[in-house]
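S.K.: Contents of structure.cif (mmCIF, C-alpha atoms, pLDDT in the B column; chains and numbers go by the auth columns) are below:
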```
data_final
#
loop_
_atom_site.group_PDB
_atom_site.id
_atom_site.type_symbol
_atom_site.label_atom_id
_atom_site.label_comp_id
_atom_site.label_asym_id
_atom_site.label_seq_id
_atom_site.Cartn_x
_atom_site.Cartn_y
_atom_site.Cartn_z
_atom_site.B_iso_or_equiv
_atom_site.auth_seq_id
_atom_site.auth_asym_id
ATOM 1 C CA MET A 1 23.080 10.057 -30.752 88.00 289 A
ATOM 2 C CA ARG A 2 23.820 6.758 -32.533 92.00 290 A
ATOM 3 C CA ILE A 3 25.483 5.462 -29.409 94.00 291 A
ATOM 4 C CA LEU A 4 22.359 6.202 -27.382 94.00 292 A
ATOM 5 C CA LEU A 5 20.121 4.515 -29.955 95.00 293 A
ATOM 6 C CA SER A 6 22.380 1.477 -30.081 95.00 294 A
ATOM 7 C CA PHE A 7 22.389 1.263 -26.315 94.00 295 A
ATOM 8 C CA HIS A 8 18.611 1.636 -26.275 95.00 296 A
ATOM 9 C CA ARG A 9 18.272 -1.271 -28.743 95.00 297 A
ATOM 10 C CA PHE A 10 20.586 -3.329 -26.557 95.00 298 A
ATOM 11 C CA LEU A 11 18.490 -2.595 -23.485 95.00 299 A
ATOM 12 C CA LYS A 12 15.291 -3.374 -25.390 95.00 300 A
ATOM 13 C CA ASN A 13 16.692 -6.757 -26.440 94.00 301 A
ATOM 14 C CA LEU A 14 17.294 -7.664 -22.800 93.00 302 A
ATOM 15 C CA LYS A 15 13.597 -8.585 -22.662 91.00 303 A
ATOM 16 C CA ASN A 16 14.668 -11.849 -24.295 92.00 304 A
ATOM 17 C CA LEU A 17 16.407 -12.678 -21.019 94.00 305 A
ATOM 18 C CA ASP A 18 13.484 -11.824 -18.740 91.00 306 A
ATOM 19 C CA PHE A 19 13.284 -15.441 -17.619 94.00 307 A
ATOM 20 C CA ILE A 20 16.497 -14.900 -15.628 96.00 308 A
ATOM 21 C CA GLY A 21 14.783 -12.289 -13.473 95.00 309 A
ATOM 22 C CA PHE A 22 11.813 -14.532 -12.722 96.00 310 A
ATOM 23 C CA LEU A 23 14.103 -17.471 -12.001 97.00 311 A
ATOM 24 C CA SER A 24 16.190 -15.308 -9.660 97.00 312 A
ATOM 25 C CA ILE A 25 13.107 -14.175 -7.742 98.00 313 A
ATOM 26 C CA ARG A 26 11.855 -17.751 -7.458 98.00 314 A
ATOM 27 C CA LEU A 27 15.213 -19.070 -6.223 98.00 315 A
ATOM 28 C CA TYR A 28 15.570 -16.269 -3.692 98.00 316 A
ATOM 29 C CA LEU A 29 12.051 -16.774 -2.358 98.00 317 A
ATOM 30 C CA PHE A 30 12.555 -20.546 -2.313 98.00 318 A
ATOM 31 C CA TYR A 31 15.490 -20.169 0.049 98.00 319 A
ATOM 32 C CA THR A 32 13.659 -17.590 2.166 98.00 320 A
ATOM 33 C CA PHE A 33 10.454 -19.589 2.635 98.00 321 A
ATOM 34 C CA TRP A 34 12.202 -22.971 2.889 98.00 322 A
ATOM 35 C CA SER A 35 14.416 -21.644 5.686 98.00 323 A
ATOM 36 C CA ALA A 36 11.511 -20.006 7.487 98.00 324 A
ATOM 37 C CA GLY A 37 9.302 -23.084 7.221 98.00 325 A
ATOM 38 C CA THR A 38 11.954 -25.595 8.305 98.00 326 A
ATOM 39 C CA ASP A 39 13.004 -23.345 11.198 98.00 327 A
ATOM 40 C CA LYS A 40 9.394 -23.240 12.380 98.00 328 A
ATOM 41 C CA LEU A 41 9.124 -27.009 11.981 98.00 329 A
ATOM 42 C CA ASN A 42 12.301 -27.555 14.022 98.00 330 A
ATOM 43 C CA THR A 43 10.999 -25.278 16.783 98.00 331 A
ATOM 44 C CA PHE A 44 7.346 -26.254 16.454 98.00 332 A
ATOM 45 C CA ASP A 45 6.506 -26.056 20.160 98.00 333 A
ATOM 46 C CA GLN A 46 8.043 -22.602 20.582 98.00 334 A
ATOM 47 C CA PHE A 47 6.382 -21.342 17.397 97.00 335 A
ATOM 48 C CA THR A 48 3.017 -22.687 18.537 97.00 336 A
ATOM 49 C CA GLU A 49 3.423 -21.097 21.969 97.00 337 A
ATOM 50 C CA TRP A 50 4.330 -17.807 20.348 95.00 338 A
ATOM 51 C CA LEU A 51 1.255 -17.916 18.083 94.00 339 A
ATOM 52 C CA GLY A 52 -0.854 -18.626 21.157 95.00 340 A
ATOM 53 C CA SER A 53 0.676 -15.613 22.917 94.00 341 A
ATOM 54 C CA LEU A 54 -0.591 -13.465 20.038 89.00 342 A
ATOM 55 C CA GLY A 55 -4.103 -14.492 20.990 89.00 343 A
ATOM 56 C CA LEU A 56 -4.732 -16.778 18.014 88.00 344 A
ATOM 57 C CA ILE A 57 -7.182 -19.566 18.601 92.00 345 A
ATOM 58 C CA PHE A 58 -6.010 -23.067 17.638 96.00 346 A
ATOM 59 C CA PRO A 59 -2.314 -22.132 17.455 96.00 347 A
ATOM 60 C CA GLU A 60 -1.319 -25.725 16.605 97.00 348 A
ATOM 61 C CA ILE A 61 -3.489 -25.699 13.497 97.00 349 A
ATOM 62 C CA PHE A 62 -2.181 -22.292 12.435 96.00 350 A
ATOM 63 C CA SER A 63 1.384 -23.481 13.034 97.00 351 A
ATOM 64 C CA TRP A 64 0.871 -26.350 10.613 98.00 352 A
ATOM 65 C CA VAL A 65 -0.860 -24.096 8.091 98.00 353 A
ATOM 66 C CA VAL A 66 2.057 -21.649 8.121 98.00 354 A
ATOM 67 C CA ILE A 67 4.700 -24.400 7.972 98.00 355 A
ATOM 68 C CA VAL A 68 3.020 -26.284 5.124 98.00 356 A
ATOM 69 C CA THR A 69 2.409 -23.035 3.244 98.00 357 A
ATOM 70 C CA GLU A 70 6.032 -21.934 3.553 98.00 358 A
ATOM 71 C CA ILE A 71 7.686 -25.283 2.810 98.00 359 A
ATOM 72 C CA GLY A 72 5.168 -26.336 0.163 98.00 360 A
ATOM 73 C CA GLY A 73 5.156 -22.897 -1.454 98.00 361 A
ATOM 74 C CA ALA A 74 8.947 -22.883 -1.479 98.00 362 A
ATOM 75 C CA CYS A 75 9.044 -26.231 -3.302 98.00 363 A
ATOM 76 C CA LEU A 76 6.506 -25.067 -5.883 98.00 364 A
ATOM 77 C CA LEU A 77 8.469 -21.854 -6.471 98.00 365 A
ATOM 78 C CA LEU A 78 11.695 -23.838 -6.874 98.00 366 A
ATOM 79 C CA ILE A 79 10.357 -26.012 -9.667 98.00 367 A
ATOM 80 C CA GLY A 80 8.120 -23.318 -11.117 97.00 368 A
ATOM 81 C CA LEU A 81 4.892 -25.285 -10.743 97.00 369 A
ATOM 82 C CA PHE A 82 1.624 -23.496 -9.912 98.00 370 A
ATOM 83 C CA VAL A 83 3.646 -20.344 -9.239 98.00 371 A
ATOM 84 C CA ARG A 84 0.663 -18.004 -9.388 98.00 372 A
ATOM 85 C CA TRP A 85 -1.384 -20.285 -7.139 98.00 373 A
ATOM 86 C CA ALA A 86 1.486 -20.681 -4.655 98.00 374 A
ATOM 87 C CA ALA A 87 1.964 -16.924 -4.468 98.00 375 A
ATOM 88 C CA ILE A 88 -1.515 -16.370 -3.001 98.00 376 A
ATOM 89 C CA PRO A 89 -1.169 -18.296 0.288 98.00 377 A
ATOM 90 C CA LEU A 90 2.409 -17.052 0.644 98.00 378 A
ATOM 91 C CA LEU A 91 1.120 -13.487 0.305 98.00 379 A
ATOM 92 C CA ILE A 92 -1.450 -14.208 3.010 98.00 380 A
ATOM 93 C CA VAL A 93 1.312 -15.501 5.306 97.00 381 A
ATOM 94 C CA MET A 94 3.380 -12.392 4.563 98.00 382 A
ATOM 95 C CA ALA A 95 0.415 -10.088 5.237 97.00 383 A
ATOM 96 C CA ASN A 96 -0.080 -11.750 8.614 95.00 384 A
ATOM 97 C CA ALA A 97 3.636 -11.474 9.383 95.00 385 A
ATOM 98 C CA ILE A 98 3.555 -7.783 8.513 97.00 386 A
ATOM 99 C CA LEU A 99 0.487 -7.065 10.634 95.00 387 A
ATOM 100 C CA LEU A 100 1.094 -9.362 13.616 91.00 388 A
ATOM 101 C CA VAL A 101 4.883 -9.300 13.940 91.00 389 A
ATOM 102 C CA HIS A 102 6.625 -6.447 12.186 93.00 390 A
ATOM 103 C CA TRP A 103 4.157 -3.545 11.991 94.00 391 A
ATOM 104 C CA GLN A 104 4.756 -2.152 15.460 94.00 392 A
ATOM 105 C CA ASN A 105 8.513 -2.011 14.743 93.00 393 A
ATOM 106 C CA GLY A 106 8.216 0.427 11.855 93.00 394 A
ATOM 107 C CA TRP A 107 9.921 0.124 8.487 94.00 395 A
ATOM 108 C CA ALA A 108 13.603 -0.551 9.161 94.00 396 A
ATOM 109 C CA LEU A 109 14.977 -4.058 8.893 85.00 397 A
ATOM 110 C CA GLU A 110 17.367 -3.331 11.760 91.00 398 A
ATOM 111 C CA SER A 111 14.458 -2.948 14.183 91.00 399 A
ATOM 112 C CA ASN A 112 12.622 -6.040 12.842 91.00 400 A
ATOM 113 C CA GLY A 113 10.314 -3.773 10.857 93.00 401 A
ATOM 114 C CA ILE A 114 8.241 -4.509 7.785 96.00 402 A
ATOM 115 C CA GLU A 115 10.956 -3.801 5.204 96.00 403 A
ATOM 116 C CA MET A 116 11.852 -7.393 4.255 96.00 404 A
ATOM 117 C CA ALA A 117 8.298 -8.693 4.549 97.00 405 A
ATOM 118 C CA VAL A 118 7.138 -5.974 2.158 97.00 406 A
ATOM 119 C CA THR A 119 10.036 -6.776 -0.186 97.00 407 A
ATOM 120 C CA TYR A 120 9.088 -10.469 -0.237 98.00 408 A
ATOM 121 C CA SER A 121 5.458 -9.492 -0.806 98.00 409 A
ATOM 122 C CA ILE A 122 6.401 -7.337 -3.793 98.00 410 A
ATOM 123 C CA MET A 123 8.364 -10.254 -5.258 98.00 411 A
ATOM 124 C CA LEU A 124 5.357 -12.519 -4.742 98.00 412 A
ATOM 125 C CA VAL A 125 3.060 -9.994 -6.443 98.00 413 A
ATOM 126 C CA ILE A 126 5.432 -9.956 -9.437 98.00 414 A
ATOM 127 C CA LEU A 127 5.195 -13.750 -9.632 98.00 415 A
ATOM 128 C CA LEU A 128 1.423 -13.656 -9.140 98.00 416 A
ATOM 129 C CA LEU A 129 0.992 -11.240 -12.036 98.00 417 A
ATOM 130 C CA SER A 130 3.677 -12.624 -14.359 95.00 418 A
ATOM 131 C CA GLY A 131 4.070 -16.288 -13.508 96.00 419 A
ATOM 132 C CA GLY A 132 7.299 -18.197 -13.068 95.00 420 A
ATOM 133 C CA GLY A 133 8.934 -17.156 -16.302 95.00 421 A
ATOM 134 C CA ARG A 134 10.064 -19.042 -19.371 93.00 422 A
ATOM 135 C CA TYR A 135 12.280 -22.101 -19.776 94.00 423 A
ATOM 136 C CA PHE A 136 13.127 -22.829 -16.106 96.00 424 A
ATOM 137 C CA SER A 137 9.525 -23.134 -14.959 96.00 425 A
ATOM 138 C CA LEU A 138 7.365 -26.236 -15.197 95.00 426 A
ATOM 139 C CA ASP A 139 4.357 -23.968 -15.675 95.00 427 A
ATOM 140 C CA TYR A 140 5.937 -22.720 -18.901 95.00 428 A
ATOM 141 C CA TRP A 141 6.474 -26.220 -20.328 95.00 429 A
ATOM 142 C CA ILE A 142 3.064 -27.499 -19.236 95.00 430 A
ATOM 143 C CA SER A 143 1.191 -24.553 -20.720 92.00 431 A
ATOM 144 C CA ARG A 144 3.024 -24.569 -24.074 86.00 432 A
ATOM 145 C CA LYS A 145 0.914 -25.712 -26.970 69.00 433 A
#
```
Take the structure in the file and give it back as structure tokens.
M.R.:
Amino acid sequence: MRILLSFHRFLKNLKNLDFIGFLSIRLYLFYTFWSAGTDKLNTFDQFTEWLGSLGLIFPEIFSWVVIVTEIGGACLLLIGLFVRWAAIPLLIVMANAILLVHWQNGWALESNGIEMAVTYSIMLVILLLSGGGRYFSLDYWISRK
């Protein structure tokens, strides 16, 4: 029983390292959104055509909105600045990706389903509710009194 209690205390003390989890999520999402945004920027004409084929009006404007949201949001996540604010437009982009691109393919990643988009959305919700974490986030240092 003492071993279990000791292990429980150890696990409870891991909360002191919670900033590592938030940093890991931010770094992972930085890479994901940076790659997506720069890929769209590099293939702007094809991306715009594709958005137009979905029936969106003003596909050029929406292309820029998505690209700026992904690249700008990625940069903010990387440095931990305005993390909660950045999560909102990124969640909107992910919701549109889920509904317009992945939904008809089901769940599985292998069939280009919603699995990864939902996973990224869950990570963004965690950041929206909790912020960027301690120590490695500019939000943390700015908001300290």
S.K.: Taking all atoms listed in the file into account, produce a table as a tab-separated table in which each residue of region 304-324 of chain A with an atom at most 8 Å from an atom of region 402-417 of chain A appears once, together with its shortest atom pair and the distance in Å to one decimal, ordered by chain and rising number.
M.R.:
```
residue	atom	partner	partner_atom	distance
A:Phe310	CA	A:Leu415	CA	7.3
A:Ile313	CA	A:Met411	CA	6.6
A:Leu317	CA	A:Tyr408	CA	7.3
```
S.K.: From the list A:Ser431, A:Asn400, A:Thr357, A:Asn393, which residue is nearest Leu369 (chain A) when using all atoms listed in the file?
M.R.: A:Ser431
S.K.: Taking all atoms listed in the file into account, name the residue in A:Arg372, A:Lys303, A:Arg314, A:His296 that is nearest to Phe424 (chain A).
M.R.: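 Closest candidate: A:Arg314.
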S.K.: Of the residues A:Ile308, A:Ile291, A:Leu387, A:Ile355, which is the one nearest to Tyr423 (chain A), using all atoms listed in the file?
M.R.: A:Ile308
S.K.: To one decimal place in Å, what is the distance between CA of Thr326 (chain A) and CA of Val353 (chain A)?
M.R.: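 Computed distance, CA of Thr326 (chain A) to CA of Val353 (chain A), equals 12.9 Å.
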S.K.: Provide an axis-aligned box for all listed atoms of region 357-366 of chain A, padding each side by 8 Å; report its centre and its edge lengths in Å to one decimal, as lines of an AutoDock Vina configuration file.
M.R.:
```
center_x = 7.1
center_y = -24.1
center_z = -1.7
size_x = 25.3
size_y = 20.5
size_z = 26.4
```
S.K.: For CA of Ser425 (chain A) and CA of Phe298 (chain A), determine how far apart the two atoms are, in Å to one decimal place.
M.R.: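 Atom-to-atom, CA of Ser425 (chain A) and CA of Phe298 (chain A) are spaced 25.5 Å apart.
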S.K.: Could you jot down the CA of Arg290 (chain A) to CA of Gly309 (chain A) separation for me, Å, one decimal place?
M.R.: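 These atoms are spaced 28.4 Å apart.
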S.K.: Can you work out which one of A:Leu299, A:Leu366, A:Ile430, A:Val354 has the shortest atom-to-atom distance to Met382 (chain A), counting all atoms listed in the file?
M.R.: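 Result for the nearest residue to Met382 (chain A): A:Val354.
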S.K.: So which residues fall inside 12 Å of (3.4, -9.4, 15.9) if we count all atoms listed in the file? Mind giving them as a list in words?
M.R.: Trp338, Leu339, Gly340, Ser341, Leu342, Gly343, Leu344, Met382, Ala383, Asn384, Ala385, Ile386, Leu387, Leu388, Val389, His390, Trp391, Gln392, Asn393, Gly394, Asn400, Gly401 and Ile402 of chain A
S.K.: Given the file above and the PyMOL selection byres ((chain A and resi 351) around 12), which residues are selected, and can you give them as a PyMOL selection string?
M.R.: chain A and resi 325-340+344-350+352-358+381
S.K.: Write the residues of the selection above to a file with C-alpha atoms, as an mmCIF file, in the frame of the given file.
M.R.:
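And here's result01.cif as it stands now:
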```cif
data_model
loop_
_atom_site.group_PDB
_atom_site.id
_atom_site.type_symbol
_atom_site.label_atom_id
_atom_site.label_comp_id
_atom_site.auth_asym_id
_atom_site.auth_seq_id
_atom_site.Cartn_x
_atom_site.Cartn_y
_atom_site.Cartn_z
ATOM 1 C CA GLY A 325 9.302 -23.084 7.221
ATOM 2 C CA THR A 326 11.954 -25.595 8.305
ATOM 3 C CA ASP A 327 13.004 -23.345 11.198
ATOM 4 C CA LYS A 328 9.394 -23.240 12.380
ATOM 5 C CA LEU A 329 9.124 -27.009 11.981
ATOM 6 C CA ASN A 330 12.301 -27.555 14.022
ATOM 7 C CA THR A 331 10.999 -25.278 16.783
ATOM 8 C CA PHE A 332 7.346 -26.254 16.454
ATOM 9 C CA ASP A 333 6.506 -26.056 20.160
ATOM 10 C CA GLN A 334 8.043 -22.602 20.582
ATOM 11 C CA PHE A 335 6.382 -21.342 17.397
ATOM 12 C CA THR A 336 3.017 -22.687 18.537
ATOM 13 C CA GLU A 337 3.423 -21.097 21.969
ATOM 14 C CA TRP A 338 4.330 -17.807 20.348
ATOM 15 C CA LEU A 339 1.255 -17.916 18.083
ATOM 16 C CA GLY A 340 -0.854 -18.626 21.157
ATOM 17 C CA LEU A 344 -4.732 -16.778 18.014
ATOM 18 C CA ILE A 345 -7.182 -19.566 18.601
ATOM 19 C CA PHE A 346 -6.010 -23.067 17.638
ATOM 20 C CA PRO A 347 -2.314 -22.132 17.455
ATOM 21 C CA GLU A 348 -1.319 -25.725 16.605
ATOM 22 C CA ILE A 349 -3.489 -25.699 13.497
ATOM 23 C CA PHE A 350 -2.181 -22.292 12.435
ATOM 24 C CA TRP A 352 0.871 -26.350 10.613
ATOM 25 C CA VAL A 353 -0.860 -24.096 8.091
ATOM 26 C CA VAL A 354 2.057 -21.649 8.121
ATOM 27 C CA ILE A 355 4.700 -24.400 7.972
ATOM 28 C CA VAL A 356 3.020 -26.284 5.124
ATOM 29 C CA THR A 357 2.409 -23.035 3.244
ATOM 30 C CA GLU A 358 6.032 -21.934 3.553
ATOM 31 C CA VAL A 381 1.312 -15.501 5.306
#
```
S.K.: Calculated over all atoms listed in the file, which of the candidates A:Ala362, A:Leu293, A:Ile367, A:Ile380 has the smallest distance to Arg422 (chain A)?
M.R.: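 Among the listed residues, A:Ile367 lies closest to Arg422 (chain A).
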S.K.: Please determine, counting only C-alpha atoms, which residue among A:Phe307, A:Phe321, A:Tyr316, A:Phe370 has the shortest atom-to-atom distance to Gly421 (chain A).
M.R.: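 Once distances to Gly421 (chain A) are computed over only C-alpha atoms, the minimum belongs to A:Phe307.
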